Every structure is written in C-alpha cells, then in structure tokens.
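Visitor: This structure is in structure tokens; I'll ask about it shortly.
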Amino acid sequence: MLDNIEKMNYNNIEILAPVGSYESLTTALNAGCNSVYFGVEQLNMRSRSSTNFTLDDLRVISRTCNDRNIKTYLTINTILYDHDIGLMKTIVNQAKDSGITAIIASDHAVMSYCKSIAMPLHISTQANVTNIETVEFYAAFANVMVLSRELSLRQVAEISRAIERKQIKGPSGELVKLEIFAHGALCMAISGKCYLSLHSNNASANRGACIQNCRKQYIVTDKEDGVELEIDNEYIMSAKDLCTIGFLDKILKSGVNILKIEGRGRSPDYVDTVVRCYKEAVTALQEERYTQERIENWEKQLATVYNRGFWDGYYLGRKMGEWNDSYGSKATEKKIFIARGIKYFDKIEVGEFRVESHSLKKGDKIMVTGPTTGVLKAELGEIRVNDVTVESVSKGDVFSIKMDEIIRPSSKLYKIVSE
Amino acid sequence: MFQIIFHRGKCIGCNGCVEAAPDRWRISRKDGRCNLIEGKEKKGIYRALISIEEYAQNFQAANNCPVRIIQIARI
C-alpha cells in the first residue's frame with residue numbers, strides 16, 4: 001500500500017521553474033517544467049534584481065504556457081502598503097482575465113481580494129507556514145501552501161499526513177497541496193523576516209529590494225580597544241545554496257506535490273540546467289533508475305551554473321546552516337558574451353553573428369540565448385567569414401555557423417569556459 | 001536652484017521619499033509608483049526645479065531611495 005502511495009506521488013510531482021524574462025520562460029518550457037512563476041511590476045520579491053514583466057505581458061505568458069499545458073503562477077508577495085492596494089487589485093484582475101493559474105501571496109489583503117473574485121491562490125513561503133493549524137487557517141483561501149524553507153522533512157511529512165487525515169481542503173474542494181523549495185539560494189534569516197538590507201541601505205528585502213548584505217564579508221570590532229577580528233575568512237551570514245537532488249526520494253516520500261526551483265534573478269542557462277536535472281531525477285524515480293551514479297552526474301551538472309556551493313538545507317534535520325567561504329558563484333563553468341545575432345538563413349540553416357567582444361575558435365563550447373530561442377548549447381563546428389572557412393574570429397568580425405534553430409537580432413552568443 | 005531628476009520606471013513604491021519630502025512626492029494610487037509633484041516628463045525621466053528651502057528634505061528623499069533613482073543636481 002505504501003509503495004503505491006509513493007509511486008502515485010512520484011507521478012504527480014510538479015516542477016516549478018523560475019522565470020524572470022522571456023529568455024528564461026522559453027528555456028523553462030523547453031527544459032520540461034510543469035509550471036512557472038514570475039512577477040509583474042514592483043509588488044514581488046525580485047522587484048530590484050529581476051527585469052520583471054509588465055501587466056501587458058500577462059496575456060502572452062498565459063497563452064504561451066496554456067498552449068503547452070503549463071501552469072502559471074504570479075507572485076504578489078511583498079508586504080503591501082495602503083497605496084499598493086489599487087495596483088494589487090489591478091494585477092489580480094488582469095491575471096484572472098488573462099487566464100493565469102494562480103496568485104502567490106503572503107499579505108492578507110491579496111488573499112482576501114483573490115477570494116472575493118474567486119482567483120486561485122497559493123500561500124507564499126514569505127507567510128512562513130510551519131504547522132498544520134496554519135495550513136488549516138489558510139485553507140479557507142488557498143489550494144497550495146509553500147512551506148517554510150526552515151522545516152525538516154519529518155515536519156513536512158507530518159503536515160502532509162495531517163492534511164490527509166483531517167481532510168483539509170482548499171477552495172477548489174481538493175486536499176491542500178504542499179510545495180517546497182527544492183533548489184537555489186537560501187536566506188540567512190527565516191524567510192521574509194530579515195531587516196539587514198533595510199537597516200544598512202533603506203532597501204527592504206520585504207519589498208523585493210534586498211541588497212544582500214548577508215553575502216558579504218565582515219570584520220568584528222572590539223569597541224573597548226578597537227581591535228578588529230576577521231571572522232575565520234568565513235562569510236558567516238551567507239548560506240550555501242540548497243540542493244536536494246541527492247535525496248529527492250525522501251523529499252517526494254514526504255508527500256509534497258510541487259518542487260520549486262529558486263532563481264527568478266538567474267540567467268536562462270541556470271534555469272535550463274536546473275530544470276533539466278530535476279526533471280530527469282523525478283523521471284528516474286518514477287522509472288526506478290534513481291542511482292548514486294546518476295545523482296553524482298546531476299550534482300556535477302548543477303555545479304556548472306551559478307551556485308554558492310551546495311548543502312541540503314534544513315530538510316535533513318540540521319540545526320545550523322552551512323556558510324560560504326567565498327564571495328559570489330562557485331559555478332564550474334562561466335559564460336563570456338561574444339556575439340549578437342544578425343539574421344538566419346532558413347534554407348541552408350545558417351545563423352549569422354557579429355563578434356562584439358573577445359574571440360571564438362572552432363571547437364569552442366558555445367551557448368545561444370534569446371527570448372524565443374531559450375538556451376541552445378553546442379560545440380562550434382565550421383566558422384565562415386565571407387563564405388570562407390576560418391579557424392577563429394575576433395571583435396568586429398561577421399561570421400556564420402550552421403544552426404538547427406532560428407536565431408534573431410535578439411540572440412546572444414556566449415562562449416562557455418571551464419573554471 | 002536645484003533640479004530633481006527622477007527615473008520613475010524603476011520605482012518600487014516604497015514610500016521612502018514621501019516620508020522625507022511629502023510636499024514634493026506622492027505615491028500614485030493607480031500604479032503604486034511615486035509621482036514627482038510638478039515634475040516634467042521626457043523619455044520616462046521626470047525633472048522638477050526646487051529652491052534651496054526644499055533641498056534638505058529632497059536630499060534626504062534621494063538618500064532614502066532604495067533603488068537610487070532620485071538625483072539632485074545644482075543648476
């Protein structure tokens with residue numbers, strides 16, 4: 001019986017991808033996500049760092065995703081002031097009219113308004129859902145709860161079982177579904193309760209303007225004698241990134257339905273790699289091919305894109321976090337911008353680019369990104385300049401290469417270099 | 001005289017400028033971003049002239065802005 005429940009759950013798992021731009025949207029869809037989340041205008045947790053869509057984009061995003069049977073979740077999860085209420089209602093109305101699947105919110109005003117117009121709602125991790133009573137409370141408003149990132153899997157599983165036992169149902173009439181963060185950056189504070197950025201720069205993290213003080217290095221000064229202590233070269237407030245691919249079996253057995261990938265501020269290649277790896281891992285679990293060898297391979301791939309080093313978060317019962325020993329990304333590969341697209345020749349399947357910086361030679365690993373392209377990766381074969389085959393090109397050169405997919409002036413070509 | 005230069009498109013509606021200089025800044029209830037009172041718009045950038053009496057308050061408003069989209073220039 002238990003096996004059946006587990007297998008059933010493996011089959012209903014949803015991979016939720018972060019989308020901060022049209023490039024990332026196309027990438028996420030191509031990589032095989034089941035749903036996407038994104039923000040419009042300024043009332044979301046990436047109002048500073050991500051480009052963000054506008055109200056006019058809602059219809060396009062909804063249509064693109066609906067065509068492929070992908071769910072769309074719109075974040076309106078900052079704290080809200082009175083002057084934001086008008087905009088919030090405008091966004092929710094437009095989301096409903098555009099056919100967006102659900103709103104992700106943490107402020108009660110959004111919850112109340114969504115309920116009043118029967119717009120499906122998810123409770124954001126910013127609301128810190130950490131117990132079954134809270135789940136029961138929010139069930140009056142929402143079908144899905146994003147649990148607090150600081151829970152252990154044991155606690156997650158207890159909440160999941162209690163939903164089943166108590167038959168806690170959301171407005172849709174179905175049992176409340178649980179979502180957890182599966183991969184990406186973690187906050188040094190309990191989500192949504194950090195004031196560092198506001199104190200230092202008047203930039204509230206809870207209005208999506210976090211300047212990430214926690215990612216920096218600090219010196220402690222003894223106020224009595226002025227002696228400065230550098231703290232063991234550690235970035236003591238900068239948590240490593242969460243990675244659950246090595247214990248995804250345990251995650252799914254806890255009864256969660258949706259795996260959220262963090263990173264609306266990240267690049268399309270991050271979205272591509274992370275979504276693909278988790279998609280493969282879930283499929284491997286469904287097909288009983290989830291092996292140590294495969295896990296190591298996924299971990300290696302995940303390390304190629306932006307990361308601050310990985311740890312397992314709080315899911316396996318850790319009390320203290322793991323902290324960074326360096327600033328910025330530990331990605332094992334970096335991408336260097338080389339060229340911009342000019343045009344595509346359909347019949348001969350050739351793309352033409354202009355080199356804007358650095359150089360490129362035959363055999364280089366390249367990546368092309370674009371709003372309708374998403375992410376393409378390849379090894380560079382023949383390069384031609386004025387119909388003559390060349391070994392390399394440098395700044396200012398216009399060159400053409402064989403491409404299966406259409407490229408446009410919005411396409412960017414990068415060289416991928418191992419660190 | 002001083003000129004306030006305001007890149008409104010990047011405003012996140014935090015209210016910080018209104019707290020510092022309520023006579024010059026007001027949040028729009030329509031789109032939740034701030035309006036520079038008596039500001040003239042050109043290509044998405046709003047400008048307004050202010051006298052020395054208004055300088056201190058608006059200097060504070062610029063400092064309060066978490067996304068650094070308010071500048072004050074002496075003209």
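Going through the structure tokens in order, the chains are called A, B, and so on, while each chain numbers its residues from 1 and the ligands are numbered from 1 in the order shown.
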If we count only C-alpha atoms, what is near Thr27 of chain A at a cut-off of 8 Å, once residues fewer than 5 positions away on the same chain are taken out, given as a PyMOL selection string?
Guide: chain A and resi 268-269+271-272+373-375
Visitor: Grab the residues selected above and save them as a PDB file, in the first residue's frame with N, CA and C atoms.
Guide:
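Result saved to selection-v2.pdb:
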```pdb
ATOM      1  N   PRO A 268      19.142  32.371 -18.105  1.00  0.00           N
ATOM      2  CA  PRO A 268      18.433  31.245 -18.732  1.00  0.00           C
ATOM      3  C   PRO A 268      19.197  29.918 -18.649  1.00  0.00           C
ATOM      4  N   ASP A 269      20.529  29.945 -18.718  1.00  0.00           N
ATOM      5  CA  ASP A 269      21.265  28.674 -18.684  1.00  0.00           C
ATOM      6  C   ASP A 269      21.159  28.008 -17.308  1.00  0.00           C
ATOM      7  N   VAL A 271      18.413  28.246 -15.447  1.00  0.00           N
ATOM      8  CA  VAL A 271      17.065  27.656 -15.481  1.00  0.00           C
ATOM      9  C   VAL A 271      17.092  26.352 -16.278  1.00  0.00           C
ATOM     10  N   ASP A 272      17.775  26.371 -17.405  1.00  0.00           N
ATOM     11  CA  ASP A 272      17.861  25.190 -18.270  1.00  0.00           C
ATOM     12  C   ASP A 272      18.469  24.000 -17.529  1.00  0.00           C
ATOM     13  N   THR A 373      14.253  31.668 -28.439  1.00  0.00           N
ATOM     14  CA  THR A 373      15.164  30.535 -28.575  1.00  0.00           C
ATOM     15  C   THR A 373      15.296  29.768 -27.267  1.00  0.00           C
ATOM     16  N   GLY A 374      15.275  30.492 -26.149  1.00  0.00           N
ATOM     17  CA  GLY A 374      15.594  29.883 -24.861  1.00  0.00           C
ATOM     18  C   GLY A 374      17.094  29.729 -24.793  1.00  0.00           C
ATOM     19  N   VAL A 375      17.569  28.507 -24.553  1.00  0.00           N
ATOM     20  CA  VAL A 375      19.009  28.254 -24.478  1.00  0.00           C
ATOM     21  C   VAL A 375      19.380  27.116 -25.413  1.00  0.00           C
TER      22      VAL A 375
END
```
Visitor: Can you work out which residues from chain A touch chain B at a cut-off of 12 Å (counting only C-alpha atoms) and hand them back as a ChimeraX atom specification?
Guide: /A:40-52,54-55,78-91,197-211
Visitor: Could the residues in this selection be written to a file with C-alpha atoms, as a CSV table (one decimal), in the first residue's frame?
Guide:
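Final file, again18.csv:
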```
chain,number,residue,atom,x,y,z
A,40,VAL,CA,5.0,41.7,-12.8
A,41,GLU,CA,5.5,45.4,-11.9
A,42,GLN,CA,7.0,46.0,-8.5
A,43,LEU,CA,5.0,44.1,-5.9
A,44,ASN,CA,7.1,40.9,-5.9
A,45,MET,CA,10.3,39.7,-4.1
A,46,ARG,CA,12.5,40.4,-7.1
A,47,SER,CA,11.4,44.0,-7.8
A,48,ARG,CA,15.1,45.0,-7.8
A,49,SER,CA,17.1,42.2,-9.2
A,50,SER,CA,14.9,40.7,-12.0
A,51,THR,CA,13.8,42.6,-15.1
A,52,ASN,CA,10.2,41.7,-14.3
A,54,THR,CA,4.6,44.2,-17.1
A,55,LEU,CA,0.9,43.8,-17.0
A,78,THR,CA,5.9,41.7,-0.9
A,79,ILE,CA,4.4,43.4,2.1
A,80,LEU,CA,1.8,45.9,0.9
A,81,TYR,CA,1.0,49.4,2.0
A,82,ASP,CA,-2.3,51.2,1.6
A,83,HIS,CA,-1.1,52.9,-1.6
A,84,ASP,CA,-0.3,49.5,-3.2
A,85,ILE,CA,-3.8,48.1,-2.9
A,86,GLY,CA,-5.1,49.7,-6.1
A,87,LEU,CA,-2.2,48.3,-8.1
A,88,MET,CA,-2.5,44.9,-6.4
A,89,LYS,CA,-6.2,44.7,-7.4
A,90,THR,CA,-5.4,45.7,-11.0
A,91,ILE,CA,-2.7,43.0,-11.2
A,197,SER,CA,19.2,45.4,4.0
A,198,LEU,CA,16.6,48.0,5.3
A,199,HIS,CA,18.9,49.0,8.1
A,200,SER,CA,22.0,49.4,6.0
A,201,ASN,CA,20.6,50.8,2.8
A,202,ASN,CA,16.9,51.6,3.4
A,203,ALA,CA,16.2,48.8,0.9
A,204,SER,CA,13.6,46.5,2.3
A,205,ALA,CA,14.1,42.8,1.4
A,206,ASN,CA,10.4,42.5,2.0
A,207,ARG,CA,9.6,44.9,-0.8
A,208,GLY,CA,11.9,42.8,-3.1
A,209,ALA,CA,14.8,45.2,-2.8
A,210,CYS,CA,17.3,43.1,-0.8
A,211,ILE,CA,20.9,44.3,-1.4
```
Visitor: Go through segment 167-381 of chain A and collect every residue that DSSP, computed from the backbone, puts in helix (DSSP H, G or I); the answer should be as an mmCIF file with C-alpha atoms, in the first residue's frame.
Guide:
```cif
data_model
loop_
_atom_site.group_PDB
_atom_site.id
_atom_site.type_symbol
_atom_site.label_atom_id
_atom_site.label_comp_id
_atom_site.auth_asym_id
_atom_site.auth_seq_id
_atom_site.Cartn_x
_atom_site.Cartn_y
_atom_site.Cartn_z
ATOM 1 C CA LEU A 196 19.586 43.890 7.409
ATOM 2 C CA SER A 197 19.152 45.438 3.998
ATOM 3 C CA LEU A 198 16.629 47.954 5.298
ATOM 4 C CA HIS A 199 18.920 48.986 8.145
ATOM 5 C CA SER A 200 22.015 49.448 6.020
ATOM 6 C CA ASN A 201 20.571 50.805 2.775
ATOM 7 C CA ALA A 205 14.065 42.827 1.397
ATOM 8 C CA ASN A 206 10.360 42.508 2.018
ATOM 9 C CA ARG A 207 9.649 44.906 -0.834
ATOM 10 C CA ASN A 213 24.299 42.232 2.944
ATOM 11 C CA CYS A 214 24.499 38.633 4.113
ATOM 12 C CA ARG A 215 26.599 37.648 1.080
ATOM 13 C CA ILE A 245 18.732 16.188 -5.894
ATOM 14 C CA GLY A 246 20.691 13.676 -3.791
ATOM 15 C CA PHE A 247 17.720 12.904 -1.536
ATOM 16 C CA LEU A 248 14.825 13.613 -3.846
ATOM 17 C CA ASP A 249 13.369 10.202 -2.994
ATOM 18 C CA LYS A 250 12.992 11.293 0.640
ATOM 19 C CA ILE A 251 11.545 14.651 -0.450
ATOM 20 C CA LEU A 252 8.857 13.025 -2.578
ATOM 21 C CA LYS A 253 8.045 10.449 0.088
ATOM 22 C CA PRO A 268 18.433 31.245 -18.732
ATOM 23 C CA ASP A 269 21.265 28.674 -18.684
ATOM 24 C CA TYR A 270 20.778 28.286 -14.913
ATOM 25 C CA VAL A 271 17.065 27.656 -15.481
ATOM 26 C CA ASP A 272 17.861 25.190 -18.270
ATOM 27 C CA THR A 273 20.364 23.116 -16.304
ATOM 28 C CA VAL A 274 18.463 23.050 -13.021
ATOM 29 C CA VAL A 275 15.055 22.246 -14.537
ATOM 30 C CA ARG A 276 16.552 19.507 -16.727
ATOM 31 C CA CYS A 277 18.405 17.867 -13.840
ATOM 32 C CA TYR A 278 15.377 17.815 -11.521
ATOM 33 C CA LYS A 279 13.105 16.666 -14.335
ATOM 34 C CA GLU A 280 15.488 13.790 -15.075
ATOM 35 C CA ALA A 281 15.722 12.924 -11.392
ATOM 36 C CA VAL A 282 11.927 12.795 -10.960
ATOM 37 C CA THR A 283 11.622 10.653 -14.100
ATOM 38 C CA ALA A 284 14.398 8.390 -12.813
ATOM 39 C CA LEU A 285 12.473 7.931 -9.556
ATOM 40 C CA GLN A 286 9.306 7.088 -11.464
ATOM 41 C CA GLN A 292 24.097 7.093 -6.908
ATOM 42 C CA GLU A 293 25.949 7.363 -10.207
ATOM 43 C CA ARG A 294 23.168 9.423 -11.730
ATOM 44 C CA ILE A 295 22.952 11.630 -8.625
ATOM 45 C CA GLU A 296 26.670 12.399 -8.892
ATOM 46 C CA ASN A 297 26.256 13.260 -12.548
ATOM 47 C CA TRP A 298 23.349 15.650 -11.815
ATOM 48 C CA GLU A 299 25.309 17.272 -8.992
ATOM 49 C CA LYS A 300 28.199 17.818 -11.378
ATOM 50 C CA GLN A 301 25.895 19.431 -13.926
ATOM 51 C CA LEU A 302 24.204 21.627 -11.301
#
```
Visitor: Counting only C-alpha atoms, which of A:Ile103, A:Cys114, A:Ala239, A:Leu29 gets nearest to Ser326 of chain A?
Guide: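 Looking only at the distances to Ser326 of chain A, the closest residue turns out to be A:Ala239.
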Visitor: Pick from A:Tyr73, A:Gln155, A:Arg318, A:Trp323: nearest to Ile236 of chain A, with only C-alpha atoms counted?
Guide: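 Residue with the minimum atom-to-atom distance to Ile236 of chain A: A:Trp323.
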Visitor: Out of B:Ile45, B:Ile5, B:Ile75, B:Ile37, which residue has the shortest atom-to-atom distance to Val18 of chain B when counting only C-alpha atoms?
Guide: B:Ile37
Visitor: Using only C-alpha atoms for the distances, tell me which of A:Val305, A:Val393, A:Leu380, A:Cys65 is nearest to Glu356 of chain A.
Guide: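 Going through A:Val305, A:Val393, A:Leu380, A:Cys65 one by one, the smallest distance to Glu356 of chain A is for A:Val393.
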Visitor: Any idea what's packed within 9 Å of Ile4 of chain B, counting only C-alpha atoms, ignoring anything in its chain fewer than 4 positions away? Could you give it as a list in words?
Guide: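 In the requested format, the answer is Leu36, Gly39, Tyr46, Arg47, Ala48, Leu49, Ile50, Asn58, Ile70, Gln71, Ile72 and Ala73 of chain B.
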